[in-house]
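Chemist: Before I ask anything, let me first share the structure, which is written out below as structure tokens.
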Amino acid sequence: MNNIIILSLEFNNRLLYVSLAMLSLVLVETPLIAATYSVGSGLAYDCIGDVPWDVLEAGDSVLIHYRDSVYHEKWVLCCVGTFAEPVVVRGIPDEFGNLPVIDGRDAVTPPGLNFWNEERGVIKIGGANNPPDTMPAYIIIENLDIKSGRPPYAFTGRYGLDNYVNNCAAIYIEKGEHIIIRNCTLRDCGNGLFCGHQATDLVVEGCYIVNNGIEDRIYEHNNYTEAFGILFQFNHFDSLRTGCEGNNLKDRSAGCIIRYNWIEDGNRQLDLVDTDYEAFYSDSIYNKTYVYGNILVENEGEGNSQIIHYGGDSGVEERYRKGTLLLYNNTIISTRSGNTTLVRLSSDGEACDARNNIIYTTATGDHLAMLNDAGTIELRNNWLRSGWVNTHSPGTGVVNDYGNVEGSDPGFANFPLDDLNLSESSPCINAGASLHAEILPELFPTMHYIRHCLSAPRPEDDTLDIGAYEYLTGFLVDEPQILPDKFDILCYPNPFSEKTTISYQLLVSNTQSIPSLSSPVTDFQIAGKIEIYDINGRLVFFDWQGCLSIQGRDASVTGRDACPYRVGGKGMHQLINAPTHLPSFSWQPDESIPSGVYMIRVQFLNTQTTRRVVYLK
């Protein structure tokens, strides 16, 4: 495995390099791009199939531009990049952020490609006759909306007209090393993402995976993976297709890290079960799975009442994970009117160390059980609904309660609107426990998930709060609660190579009064905050940008230095219907900023919005 890493995990006095190594690719600027193939209306290549996929080399980029009509095309990647020069397949969104759509329905494989299992993927990595079969390596696929690879849809491939099979995936990884799937939408397929056991070091980040599965079947899922080293972060796993009975994130990997995702619905939110391959189950990294900083949501009407399944489902217990599920600082919600079980452990050889999680049910506490019927769970400093029970299915399972916070309300900022941040009165603030001794600093919860597919640094505090969000003291306190009709960001050009102009608009329709200082003031000016993050949540730009000055029914923009009331200030005013345009701002990245996807976030008081931009040097 690659020896250039940003994280190593130590097990049994040896080092094993796991999938987080791939994250450093985000920070590495490709020193030389051997070839760039631009696809789209009026560009060098009108169709994706015109790209010479069989000759891609390290450093090559395929840029697929958005167009109003979808691309009915499918292909295979069987090429080898390097750490410094990955092979990149990148969608180029339009100025509104719309991704180019790859539609599997009636898709056509280019005549020059010859690869097996065409019926199992819209885009496939590994396993081909032409390009020559090899172990693909250092490949990035990003910014694509890939859909509709499933029955009854058909495609035209090497054998002519053919049909997709049930387990077809939007992206099917048969084999490959050091693969990143980033900022993609995977939908309306049998499986959203599928990877086989010959995949090593796979990173899935910032993706929207939704509406996959096959009706009345339990075998297809939003995600179905089995890799040696896998990392999921900043993804939104939404509901499966109506009538589909699969799980949301199903995984059989060794070395699995699931962090900072929003995972909602499915038969189970997480189904972490056994592998068939001895190289996996005989390795020590197979016995520990890290799940932290996620939001897991189980809604009424979903299939299984268990949120997480950990262990195995083959019936061959010697292949089960036989280790510890490290479950910490997650926010876990169930709106079921009936019973909910936090975790099912497949045998007494599995354990769960659960600490600092919010586990909230809208039903009364006696509907919430910690364990199914086997294994051992240890509970430390979780917030639990009062009246919770050990199990709804008595068996050999053991629940060790080392002290938790209990109540009827964990103190969310706005639960009806899915704002799961903590309110200032939350009992979860500064109530967390220290983490498991085996959790390295690199696996501490340092980020927040932001709806959707975005992230921000988790505020540092002396004591961890319970749940996926850390309360930020004094942030946006005593300000008007703006209820906007419209708050939007426009970026042009997007993608950009030198600079992009960011303009934003706020339409204020209603507010509440705010507390008074010693006397009322006749106007109120609000500072706007602009932040730009890279895909891993690192802040690359911050500034106060302009002021919104509202005087009676008139609104105007003043310079930054003229604004006396920053975020956190107090005044006395009632804002009245005021359509307001804020100044534009041009971002010209510093030379040290690499190419990639960036998140622009603009915030005014309690209102914020984000926009993705693509920077291409």
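Just so we're on the same page: first chain in the structure tokens is A, next is B, and so on; residues restart at 1 for each chain, and ligands are numbered from 1 in the order they show up.
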Find the residues around segment 234-237 of chain A up to 9 Å (only C-alpha atoms counted), leave out those fewer than 6 positions away in its own chain, and share them as a PyMOL selection string.
Modeler: chain A and resi 183+204-210+222-223+248-249+259-265+269+294+448-455+535-536
Chemist: Which value, in Å to one decimal, gives the distance between atom CA of Gly59 of chain A and atom CA of Asn114 of chain A?
Modeler: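 If I compute the distance from atom CA of Gly59 of chain A to atom CA of Asn114 of chain A, I get 23.1 Å.
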Chemist: Residues at most 7 Å from Ala433 of chain A, counting only C-alpha atoms, excluding those fewer than 6 positions away in the same chain, as a list in words?
Modeler: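 Residues near the query, excluding close chain neighbours: Arg355, Asn356, Arg380, Asn381 and Leu464 of chain A.
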Chemist: Any idea what's packed within 7 Å of segment 330-340 of chain A, counting only C-alpha atoms, ignoring anything in its chain fewer than 5 positions away? Could you give it as a ChimeraX atom specification?
Modeler: /A:292-300,305-306,357-363,367-369,467-468
Chemist: Go ahead and compute the interatomic distance for atom CA of Arg601 of chain A and atom CA of Pro457 of chain A, in Å to one decimal.
Modeler: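 Calculated distance between atom CA of Arg601 of chain A and atom CA of Pro457 of chain A is 13.2 Å.
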Chemist: So that I can see what lies close to Phe155 of chain A, please list as an MDAnalysis selection string the residues with an atom at most 10 Å from it, counting only C-alpha atoms and leaving out residues fewer than 4 positions away in the same chain.
Modeler: chainID A and resid 72:74 104:109 118:119 122 149 160:164
Chemist: Could you tell me which of A:Val165, A:Val101, A:Ala199, A:Ala154 comes closest to Ala137 of chain A if we count only C-alpha atoms?
Modeler: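 Distance minimum relative to Ala137 of chain A lands on A:Ala199.
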Chemist: According to DSSP computed on the backbone, where in segment 111-334 of chain A is there strand (DSSP E)? Give the residues as a short mmCIF file (atom, residue, chain, number, x, y, z; two decimals) with N, CA, C and O atoms, in the first residue's frame.
Modeler:
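part.cif was written with the following content:
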data_model
loop_
_atom_site.label_atom_id
_atom_site.label_comp_id
_atom_site.auth_asym_id
_atom_site.auth_seq_id
_atom_site.Cartn_x
_atom_site.Cartn_y
_atom_site.Cartn_z
N ASN A 114 -14.06 -2.61 -24.44
CA ASN A 114 -14.53 -3.98 -24.30
C ASN A 114 -14.29 -4.41 -22.86
O ASN A 114 -13.14 -4.62 -22.46
N PHE A 115 -15.35 -4.51 -22.08
CA PHE A 115 -15.19 -4.86 -20.67
C PHE A 115 -16.36 -5.72 -20.23
O PHE A 115 -17.45 -5.66 -20.78
N GLY A 121 -22.97 -1.80 -14.06
CA GLY A 121 -22.59 -0.43 -13.71
C GLY A 121 -22.81 0.54 -14.85
O GLY A 121 -22.65 0.19 -16.02
N VAL A 122 -23.19 1.77 -14.49
CA VAL A 122 -23.21 2.84 -15.49
C VAL A 122 -21.78 3.29 -15.74
O VAL A 122 -21.33 3.40 -16.89
N ILE A 123 -21.03 3.56 -14.67
CA ILE A 123 -19.60 3.81 -14.76
C ILE A 123 -18.91 2.68 -14.00
O ILE A 123 -19.27 2.37 -12.86
N LYS A 124 -17.91 2.06 -14.63
CA LYS A 124 -17.22 0.92 -14.01
C LYS A 124 -15.74 1.24 -13.88
O LYS A 124 -15.14 1.88 -14.76
N ILE A 125 -15.14 0.79 -12.78
CA ILE A 125 -13.70 0.90 -12.57
C ILE A 125 -13.14 -0.52 -12.48
O ILE A 125 -13.53 -1.30 -11.61
N ALA A 128 -11.40 -5.25 -17.63
CA ALA A 128 -11.63 -4.96 -19.05
C ALA A 128 -10.67 -5.75 -19.92
O ALA A 128 -9.60 -6.17 -19.48
N ASN A 129 -11.08 -5.93 -21.20
CA ASN A 129 -10.19 -6.44 -22.23
C ASN A 129 -9.51 -5.30 -22.97
O ASN A 129 -8.35 -5.36 -23.32
N ASN A 130 -10.29 -4.27 -23.23
CA ASN A 130 -9.75 -3.04 -23.81
C ASN A 130 -10.47 -1.86 -23.17
O ASN A 130 -11.67 -1.72 -23.33
N ALA A 137 -5.55 2.54 -10.41
CA ALA A 137 -5.02 3.18 -9.20
C ALA A 137 -5.07 4.70 -9.35
O ALA A 137 -4.97 5.24 -10.45
N TYR A 138 -5.25 5.36 -8.21
CA TYR A 138 -5.25 6.82 -8.12
C TYR A 138 -6.19 7.44 -9.15
O TYR A 138 -5.77 8.10 -10.10
N ILE A 139 -7.47 7.19 -8.94
CA ILE A 139 -8.52 7.70 -9.82
C ILE A 139 -9.48 8.53 -8.99
O ILE A 139 -9.85 8.14 -7.87
N ILE A 140 -9.87 9.68 -9.51
CA ILE A 140 -10.86 10.55 -8.86
C ILE A 140 -12.03 10.73 -9.81
O ILE A 140 -11.85 11.10 -10.98
N ILE A 141 -13.24 10.46 -9.32
CA ILE A 141 -14.47 10.77 -10.06
C ILE A 141 -15.24 11.78 -9.23
O ILE A 141 -15.56 11.52 -8.05
N GLU A 142 -15.56 12.94 -9.81
CA GLU A 142 -16.21 13.98 -9.02
C GLU A 142 -17.18 14.80 -9.88
O GLU A 142 -17.05 14.90 -11.10
N ASP A 145 -23.68 13.58 -11.83
CA ASP A 145 -24.99 13.06 -11.42
C ASP A 145 -25.24 11.82 -12.27
O ASP A 145 -25.48 11.91 -13.47
N ILE A 146 -25.18 10.63 -11.64
CA ILE A 146 -25.22 9.36 -12.37
C ILE A 146 -26.49 8.63 -11.96
O ILE A 146 -26.75 8.44 -10.77
N LYS A 147 -27.27 8.17 -12.92
CA LYS A 147 -28.60 7.66 -12.61
C LYS A 147 -29.02 6.52 -13.54
O LYS A 147 -28.45 6.29 -14.59
N ALA A 154 -32.44 -0.50 -20.35
CA ALA A 154 -31.53 -1.22 -21.24
C ALA A 154 -30.41 -0.29 -21.71
O ALA A 154 -30.49 0.94 -21.57
N PHE A 155 -29.37 -0.88 -22.28
CA PHE A 155 -28.24 -0.14 -22.81
C PHE A 155 -27.72 -0.89 -24.04
O PHE A 155 -28.10 -2.04 -24.29
N THR A 156 -26.85 -0.24 -24.78
CA THR A 156 -26.21 -0.88 -25.93
C THR A 156 -24.72 -1.04 -25.62
O THR A 156 -24.01 -0.06 -25.43
N GLY A 157 -24.27 -2.32 -25.55
CA GLY A 157 -22.90 -2.62 -25.20
C GLY A 157 -22.22 -3.48 -26.22
O GLY A 157 -22.60 -3.50 -27.40
N GLY A 160 -24.48 -5.70 -28.17
CA GLY A 160 -25.67 -5.05 -28.69
C GLY A 160 -26.61 -4.65 -27.57
O GLY A 160 -26.18 -4.34 -26.44
N LEU A 161 -27.90 -4.65 -27.83
CA LEU A 161 -28.88 -4.23 -26.84
C LEU A 161 -28.90 -5.22 -25.69
O LEU A 161 -29.00 -6.43 -25.89
N ASP A 162 -28.83 -4.72 -24.46
CA ASP A 162 -28.76 -5.57 -23.28
C ASP A 162 -29.50 -4.88 -22.15
O ASP A 162 -29.79 -3.67 -22.21
N ASN A 163 -29.81 -5.63 -21.09
CA ASN A 163 -30.54 -5.10 -19.94
C ASN A 163 -29.65 -5.05 -18.71
O ASN A 163 -28.77 -5.91 -18.52
N ALA A 169 -25.06 -0.77 -10.40
CA ALA A 169 -24.75 0.41 -9.59
C ALA A 169 -24.46 1.61 -10.48
O ALA A 169 -24.02 1.47 -11.62
N ALA A 170 -24.70 2.79 -9.92
CA ALA A 170 -24.30 4.01 -10.63
C ALA A 170 -22.80 3.99 -10.87
O ALA A 170 -22.32 4.28 -11.97
N ILE A 171 -22.03 3.66 -9.83
CA ILE A 171 -20.59 3.45 -9.96
C ILE A 171 -20.28 2.06 -9.42
O ILE A 171 -20.58 1.76 -8.26
N TYR A 172 -19.71 1.21 -10.25
CA TYR A 172 -19.35 -0.16 -9.87
C TYR A 172 -17.83 -0.27 -9.91
O TYR A 172 -17.21 -0.14 -10.97
N ILE A 173 -17.22 -0.48 -8.74
CA ILE A 173 -15.78 -0.63 -8.65
C ILE A 173 -15.48 -2.12 -8.51
O ILE A 173 -15.69 -2.71 -7.45
N GLU A 174 -15.04 -2.75 -9.61
CA GLU A 174 -14.70 -4.17 -9.52
C GLU A 174 -13.36 -4.35 -8.81
O GLU A 174 -13.19 -5.26 -8.01
N LYS A 175 -12.41 -3.45 -9.13
CA LYS A 175 -11.13 -3.46 -8.43
C LYS A 175 -10.46 -2.12 -8.64
O LYS A 175 -10.74 -1.39 -9.61
N GLY A 176 -9.56 -1.78 -7.73
CA GLY A 176 -8.87 -0.51 -7.84
C GLY A 176 -8.24 -0.12 -6.52
O GLY A 176 -8.69 -0.55 -5.45
N GLU A 177 -7.21 0.69 -6.58
CA GLU A 177 -6.51 1.17 -5.39
C GLU A 177 -6.50 2.70 -5.38
O GLU A 177 -6.33 3.34 -6.42
N HIS A 178 -6.72 3.26 -4.21
CA HIS A 178 -6.64 4.71 -4.02
C HIS A 178 -7.64 5.43 -4.92
O HIS A 178 -7.27 6.17 -5.84
N ILE A 179 -8.90 5.20 -4.65
CA ILE A 179 -10.00 5.76 -5.44
C ILE A 179 -10.75 6.78 -4.60
O ILE A 179 -11.04 6.55 -3.42
N ILE A 180 -11.09 7.92 -5.20
CA ILE A 180 -11.94 8.93 -4.55
C ILE A 180 -13.20 9.11 -5.38
O ILE A 180 -13.12 9.36 -6.60
N ILE A 181 -14.35 8.99 -4.74
CA ILE A 181 -15.64 9.36 -5.34
C ILE A 181 -16.12 10.58 -4.58
O ILE A 181 -16.40 10.50 -3.38
N ARG A 182 -16.22 11.71 -5.25
CA ARG A 182 -16.45 12.97 -4.54
C ARG A 182 -17.54 13.81 -5.21
O ARG A 182 -17.57 13.95 -6.44
N THR A 185 -23.82 12.69 -7.34
CA THR A 185 -25.16 12.22 -7.03
C THR A 185 -25.32 10.84 -7.67
O THR A 185 -25.08 10.68 -8.87
N LEU A 186 -25.70 9.86 -6.85
CA LEU A 186 -25.87 8.48 -7.32
C LEU A 186 -27.31 8.09 -7.02
O LEU A 186 -27.69 7.95 -5.85
N ARG A 187 -28.12 7.86 -8.06
CA ARG A 187 -29.56 7.70 -7.84
C ARG A 187 -30.19 6.78 -8.87
O ARG A 187 -29.66 6.54 -9.95
N ASN A 191 -27.97 -0.50 -6.89
CA ASN A 191 -27.11 0.04 -5.84
C ASN A 191 -26.60 1.40 -6.28
O ASN A 191 -26.27 1.59 -7.45
N GLY A 192 -26.53 2.33 -5.33
CA GLY A 192 -25.94 3.62 -5.69
C GLY A 192 -24.46 3.47 -5.98
O GLY A 192 -23.97 3.77 -7.07
N LEU A 193 -23.73 2.96 -4.98
CA LEU A 193 -22.30 2.66 -5.13
C LEU A 193 -22.09 1.21 -4.75
O LEU A 193 -22.58 0.74 -3.72
N PHE A 194 -21.32 0.49 -5.57
CA PHE A 194 -20.94 -0.89 -5.26
C PHE A 194 -19.45 -1.03 -5.48
O PHE A 194 -18.92 -0.59 -6.50
N CYS A 195 -18.75 -1.65 -4.51
CA CYS A 195 -17.36 -2.00 -4.76
C CYS A 195 -17.09 -3.39 -4.22
O CYS A 195 -17.62 -3.79 -3.18
N GLY A 196 -16.27 -4.14 -4.96
CA GLY A 196 -15.91 -5.49 -4.59
C GLY A 196 -14.66 -5.54 -3.73
O GLY A 196 -14.01 -4.52 -3.47
N HIS A 197 -14.28 -6.75 -3.33
CA HIS A 197 -13.22 -6.92 -2.33
C HIS A 197 -11.83 -6.60 -2.88
O HIS A 197 -10.87 -6.53 -2.10
N GLN A 198 -11.69 -6.40 -4.18
CA GLN A 198 -10.38 -6.04 -4.73
C GLN A 198 -10.16 -4.53 -4.72
O GLN A 198 -9.21 -4.04 -5.36
N ALA A 199 -10.99 -3.80 -4.02
CA ALA A 199 -10.81 -2.35 -3.86
C ALA A 199 -10.02 -2.07 -2.59
O ALA A 199 -10.29 -2.66 -1.53
N THR A 200 -9.06 -1.17 -2.68
CA THR A 200 -8.21 -0.80 -1.55
C THR A 200 -8.16 0.72 -1.46
O THR A 200 -7.94 1.40 -2.46
N ASP A 201 -8.31 1.23 -0.25
CA ASP A 201 -8.24 2.67 0.00
C ASP A 201 -9.25 3.45 -0.84
O ASP A 201 -8.91 4.11 -1.81
N LEU A 202 -10.49 3.36 -0.44
CA LEU A 202 -11.59 4.04 -1.12
C LEU A 202 -12.12 5.15 -0.23
O LEU A 202 -12.40 4.93 0.95
N VAL A 203 -12.26 6.36 -0.79
CA VAL A 203 -12.83 7.51 -0.09
C VAL A 203 -14.10 7.92 -0.82
O VAL A 203 -14.09 8.13 -2.03
N VAL A 204 -15.20 8.04 -0.07
CA VAL A 204 -16.48 8.50 -0.60
C VAL A 204 -16.85 9.73 0.19
O VAL A 204 -17.12 9.66 1.39
N GLU A 205 -16.87 10.90 -0.47
CA GLU A 205 -17.07 12.13 0.29
C GLU A 205 -17.93 13.13 -0.49
O GLU A 205 -17.85 13.26 -1.71
N TYR A 208 -24.32 12.71 -2.70
CA TYR A 208 -25.74 12.57 -2.41
C TYR A 208 -26.19 11.25 -3.02
O TYR A 208 -26.18 11.08 -4.24
N ILE A 209 -26.54 10.30 -2.16
CA ILE A 209 -26.88 8.95 -2.60
C ILE A 209 -28.32 8.68 -2.20
O ILE A 209 -28.65 8.63 -1.00
N VAL A 210 -29.21 8.49 -3.17
CA VAL A 210 -30.64 8.56 -2.91
C VAL A 210 -31.41 7.75 -3.95
O VAL A 210 -30.97 7.58 -5.09
N ASN A 223 -25.79 2.03 -0.71
CA ASN A 223 -24.36 1.77 -0.76
C ASN A 223 -24.10 0.32 -0.38
O ASN A 223 -24.65 -0.19 0.61
N TYR A 224 -23.25 -0.37 -1.17
CA TYR A 224 -22.90 -1.75 -0.88
C TYR A 224 -21.42 -1.92 -1.20
O TYR A 224 -21.03 -1.99 -2.36
N THR A 225 -20.58 -1.96 -0.16
CA THR A 225 -19.14 -1.90 -0.36
C THR A 225 -18.42 -2.98 0.44
O THR A 225 -18.87 -3.41 1.50
N GLU A 226 -17.26 -3.37 -0.09
CA GLU A 226 -16.38 -4.34 0.57
C GLU A 226 -14.96 -4.02 0.13
O GLU A 226 -14.51 -4.48 -0.92
N ALA A 227 -14.27 -3.22 0.91
CA ALA A 227 -12.94 -2.75 0.53
C ALA A 227 -11.97 -2.95 1.68
O ALA A 227 -12.37 -3.12 2.83
N PHE A 228 -10.70 -2.92 1.36
CA PHE A 228 -9.68 -2.96 2.39
C PHE A 228 -9.23 -1.52 2.65
O PHE A 228 -8.35 -1.00 1.99
N GLY A 229 -9.89 -0.89 3.60
CA GLY A 229 -9.67 0.52 3.88
C GLY A 229 -10.70 1.37 3.17
O GLY A 229 -10.65 1.54 1.96
N ILE A 230 -11.68 1.90 3.93
CA ILE A 230 -12.75 2.69 3.31
C ILE A 230 -13.16 3.81 4.26
O ILE A 230 -13.22 3.62 5.48
N LEU A 231 -13.39 4.98 3.70
CA LEU A 231 -13.78 6.16 4.47
C LEU A 231 -14.99 6.81 3.83
O LEU A 231 -14.98 7.11 2.63
N PHE A 232 -16.04 7.01 4.62
CA PHE A 232 -17.23 7.77 4.20
C PHE A 232 -17.26 9.06 5.02
O PHE A 232 -17.26 9.02 6.26
N GLN A 233 -17.37 10.22 4.33
CA GLN A 233 -17.48 11.46 5.08
C GLN A 233 -18.24 12.51 4.26
O GLN A 233 -18.13 12.57 3.03
N HIS A 236 -24.63 12.63 2.11
CA HIS A 236 -26.05 12.59 2.47
C HIS A 236 -26.63 11.32 1.86
O HIS A 236 -26.80 11.22 0.64
N PHE A 237 -26.88 10.33 2.71
CA PHE A 237 -27.56 9.11 2.30
C PHE A 237 -29.04 9.29 2.61
O PHE A 237 -29.44 9.26 3.77
N LEU A 249 -26.59 2.24 4.17
CA LEU A 249 -25.16 2.03 3.98
C LEU A 249 -24.84 0.62 4.47
O LEU A 249 -24.82 0.36 5.67
N LYS A 250 -24.61 -0.29 3.53
CA LYS A 250 -24.23 -1.67 3.86
C LYS A 250 -22.76 -1.83 3.51
O LYS A 250 -22.33 -1.46 2.41
N ASP A 251 -21.99 -2.40 4.44
CA ASP A 251 -20.56 -2.47 4.23
C ASP A 251 -19.99 -3.76 4.83
O ASP A 251 -20.41 -4.20 5.90
N ALA A 254 -12.86 -4.16 5.67
CA ALA A 254 -11.89 -4.13 6.76
C ALA A 254 -11.31 -2.72 6.81
O ALA A 254 -10.90 -2.18 5.79
N GLY A 255 -11.28 -2.14 8.02
CA GLY A 255 -10.78 -0.78 8.14
C GLY A 255 -11.80 0.22 7.67
O GLY A 255 -11.58 0.95 6.70
N CYS A 256 -12.94 0.28 8.36
CA CYS A 256 -14.08 1.12 7.94
C CYS A 256 -14.22 2.31 8.88
O CYS A 256 -14.28 2.14 10.11
N ILE A 257 -14.29 3.51 8.31
CA ILE A 257 -14.51 4.75 9.06
C ILE A 257 -15.71 5.45 8.44
O ILE A 257 -15.72 5.75 7.24
N ILE A 258 -16.72 5.73 9.27
CA ILE A 258 -17.93 6.41 8.82
C ILE A 258 -18.10 7.64 9.70
O ILE A 258 -18.36 7.53 10.89
N ARG A 259 -17.92 8.82 9.14
CA ARG A 259 -17.93 10.02 9.97
C ARG A 259 -18.56 11.20 9.21
O ARG A 259 -18.41 11.35 8.00
N TRP A 262 -24.97 12.36 6.96
CA TRP A 262 -26.39 12.37 7.30
C TRP A 262 -26.98 11.14 6.62
O TRP A 262 -27.01 11.06 5.38
N ILE A 263 -27.45 10.17 7.42
CA ILE A 263 -27.92 8.89 6.89
C ILE A 263 -29.35 8.69 7.36
O ILE A 263 -29.60 8.51 8.56
N GLU A 264 -30.28 8.74 6.43
CA GLU A 264 -31.70 8.78 6.78
C GLU A 264 -32.46 7.65 6.08
O GLU A 264 -32.40 7.51 4.87
N LEU A 270 -27.30 1.66 9.08
CA LEU A 270 -25.98 1.06 8.92
C LEU A 270 -26.09 -0.45 9.07
O LEU A 270 -26.61 -0.94 10.07
N ASP A 271 -25.56 -1.19 8.09
CA ASP A 271 -25.54 -2.64 8.14
C ASP A 271 -24.08 -3.05 7.91
O ASP A 271 -23.62 -3.11 6.76
N LEU A 272 -23.35 -3.29 8.98
CA LEU A 272 -21.91 -3.50 8.94
C LEU A 272 -21.65 -4.96 9.26
O LEU A 272 -21.61 -5.36 10.43
N LYS A 288 -12.33 -3.50 14.18
CA LYS A 288 -12.70 -2.20 14.73
C LYS A 288 -13.31 -1.35 13.62
O LYS A 288 -12.74 -1.22 12.54
N THR A 289 -14.47 -0.79 13.92
CA THR A 289 -15.16 0.09 12.99
C THR A 289 -15.47 1.39 13.72
O THR A 289 -15.97 1.37 14.84
N TYR A 290 -15.17 2.52 13.09
CA TYR A 290 -15.31 3.83 13.72
C TYR A 290 -16.51 4.55 13.10
O TYR A 290 -16.55 4.80 11.89
N VAL A 291 -17.49 4.89 13.93
CA VAL A 291 -18.69 5.60 13.49
C VAL A 291 -18.85 6.81 14.40
O VAL A 291 -19.18 6.66 15.58
N TYR A 292 -18.61 8.02 13.86
CA TYR A 292 -18.68 9.20 14.73
C TYR A 292 -19.06 10.46 13.94
O TYR A 292 -18.80 10.57 12.74
N ILE A 295 -25.28 11.96 11.69
CA ILE A 295 -26.69 12.08 12.02
C ILE A 295 -27.39 10.88 11.39
O ILE A 295 -27.36 10.70 10.17
N LEU A 296 -27.97 10.02 12.23
CA LEU A 296 -28.68 8.83 11.77
C LEU A 296 -30.15 9.02 12.09
O LEU A 296 -30.51 9.27 13.25
N VAL A 297 -31.01 8.90 11.08
CA VAL A 297 -32.43 9.20 11.25
C VAL A 297 -33.26 8.01 10.80
O VAL A 297 -33.13 7.54 9.66
N GLU A 298 -34.11 7.53 11.69
CA GLU A 298 -35.06 6.45 11.40
C GLU A 298 -36.46 7.02 11.47
O GLU A 298 -36.91 7.46 12.56
N GLN A 306 -34.13 -1.63 13.96
CA GLN A 306 -32.75 -1.48 14.42
C GLN A 306 -32.05 -0.40 13.60
O GLN A 306 -32.11 -0.42 12.37
N ILE A 307 -31.37 0.51 14.28
CA ILE A 307 -30.62 1.56 13.59
C ILE A 307 -29.35 1.00 12.96
O ILE A 307 -29.02 1.27 11.81
N ILE A 308 -28.61 0.19 13.74
CA ILE A 308 -27.30 -0.32 13.31
C ILE A 308 -27.27 -1.83 13.51
O ILE A 308 -27.72 -2.34 14.54
N HIS A 309 -26.71 -2.53 12.55
CA HIS A 309 -26.42 -3.95 12.67
C HIS A 309 -24.91 -4.11 12.50
O HIS A 309 -24.33 -3.63 11.53
N TYR A 310 -24.28 -4.81 13.45
CA TYR A 310 -22.82 -4.96 13.42
C TYR A 310 -22.47 -6.41 13.70
O TYR A 310 -22.91 -6.98 14.71
N THR A 324 -15.08 -4.55 18.05
CA THR A 324 -15.78 -3.46 18.72
C THR A 324 -16.23 -2.40 17.71
O THR A 324 -15.42 -1.91 16.91
N LEU A 325 -17.48 -2.08 17.77
CA LEU A 325 -18.02 -0.93 17.06
C LEU A 325 -17.84 0.28 17.96
O LEU A 325 -18.42 0.37 19.04
N LEU A 326 -16.99 1.21 17.53
CA LEU A 326 -16.73 2.43 18.30
C LEU A 326 -17.69 3.50 17.80
O LEU A 326 -17.53 4.06 16.72
N LEU A 327 -18.71 3.77 18.62
CA LEU A 327 -19.84 4.62 18.25
C LEU A 327 -19.83 5.83 19.17
O LEU A 327 -20.18 5.73 20.35
N TYR A 328 -19.44 7.01 18.64
CA TYR A 328 -19.28 8.15 19.54
C TYR A 328 -19.63 9.46 18.84
O TYR A 328 -19.43 9.64 17.65
N THR A 331 -25.56 11.90 16.51
CA THR A 331 -26.92 12.28 16.87
C THR A 331 -27.86 11.32 16.16
O THR A 331 -27.88 11.28 14.92
N ILE A 332 -28.60 10.53 16.94
CA ILE A 332 -29.39 9.43 16.41
C ILE A 332 -30.86 9.69 16.76
O ILE A 332 -31.20 9.87 17.93
N ILE A 333 -31.70 9.71 15.73
CA ILE A 333 -33.10 10.11 15.88
C ILE A 333 -34.01 9.00 15.38
O ILE A 333 -33.76 8.41 14.33
N SER A 334 -35.07 8.72 16.13
CA SER A 334 -36.12 7.84 15.63
C SER A 334 -37.47 8.50 15.86
O SER A 334 -37.79 8.91 16.98
#
Chemist: From a backbone DSSP assignment, name each residue in segment 231-383 of chain A labelled alpha helix (DSSP H), as an MDAnalysis selection string.
Modeler: chainID A and resid 278:281
Chemist: Using only C-alpha atoms, which of A:Phe96, A:Tyr281, A:Trp75, A:Tyr153 sits nearest Glu317 of chain A?
Modeler: A:Tyr281
Chemist: If I take atom CA of Thr82 of chain A and atom CA of Leu616 of chain A, how far is one from the other in Å, to one decimal?
Modeler: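 Atom-to-atom, atom CA of Thr82 of chain A and atom CA of Leu616 of chain A are spaced 19.3 Å apart.
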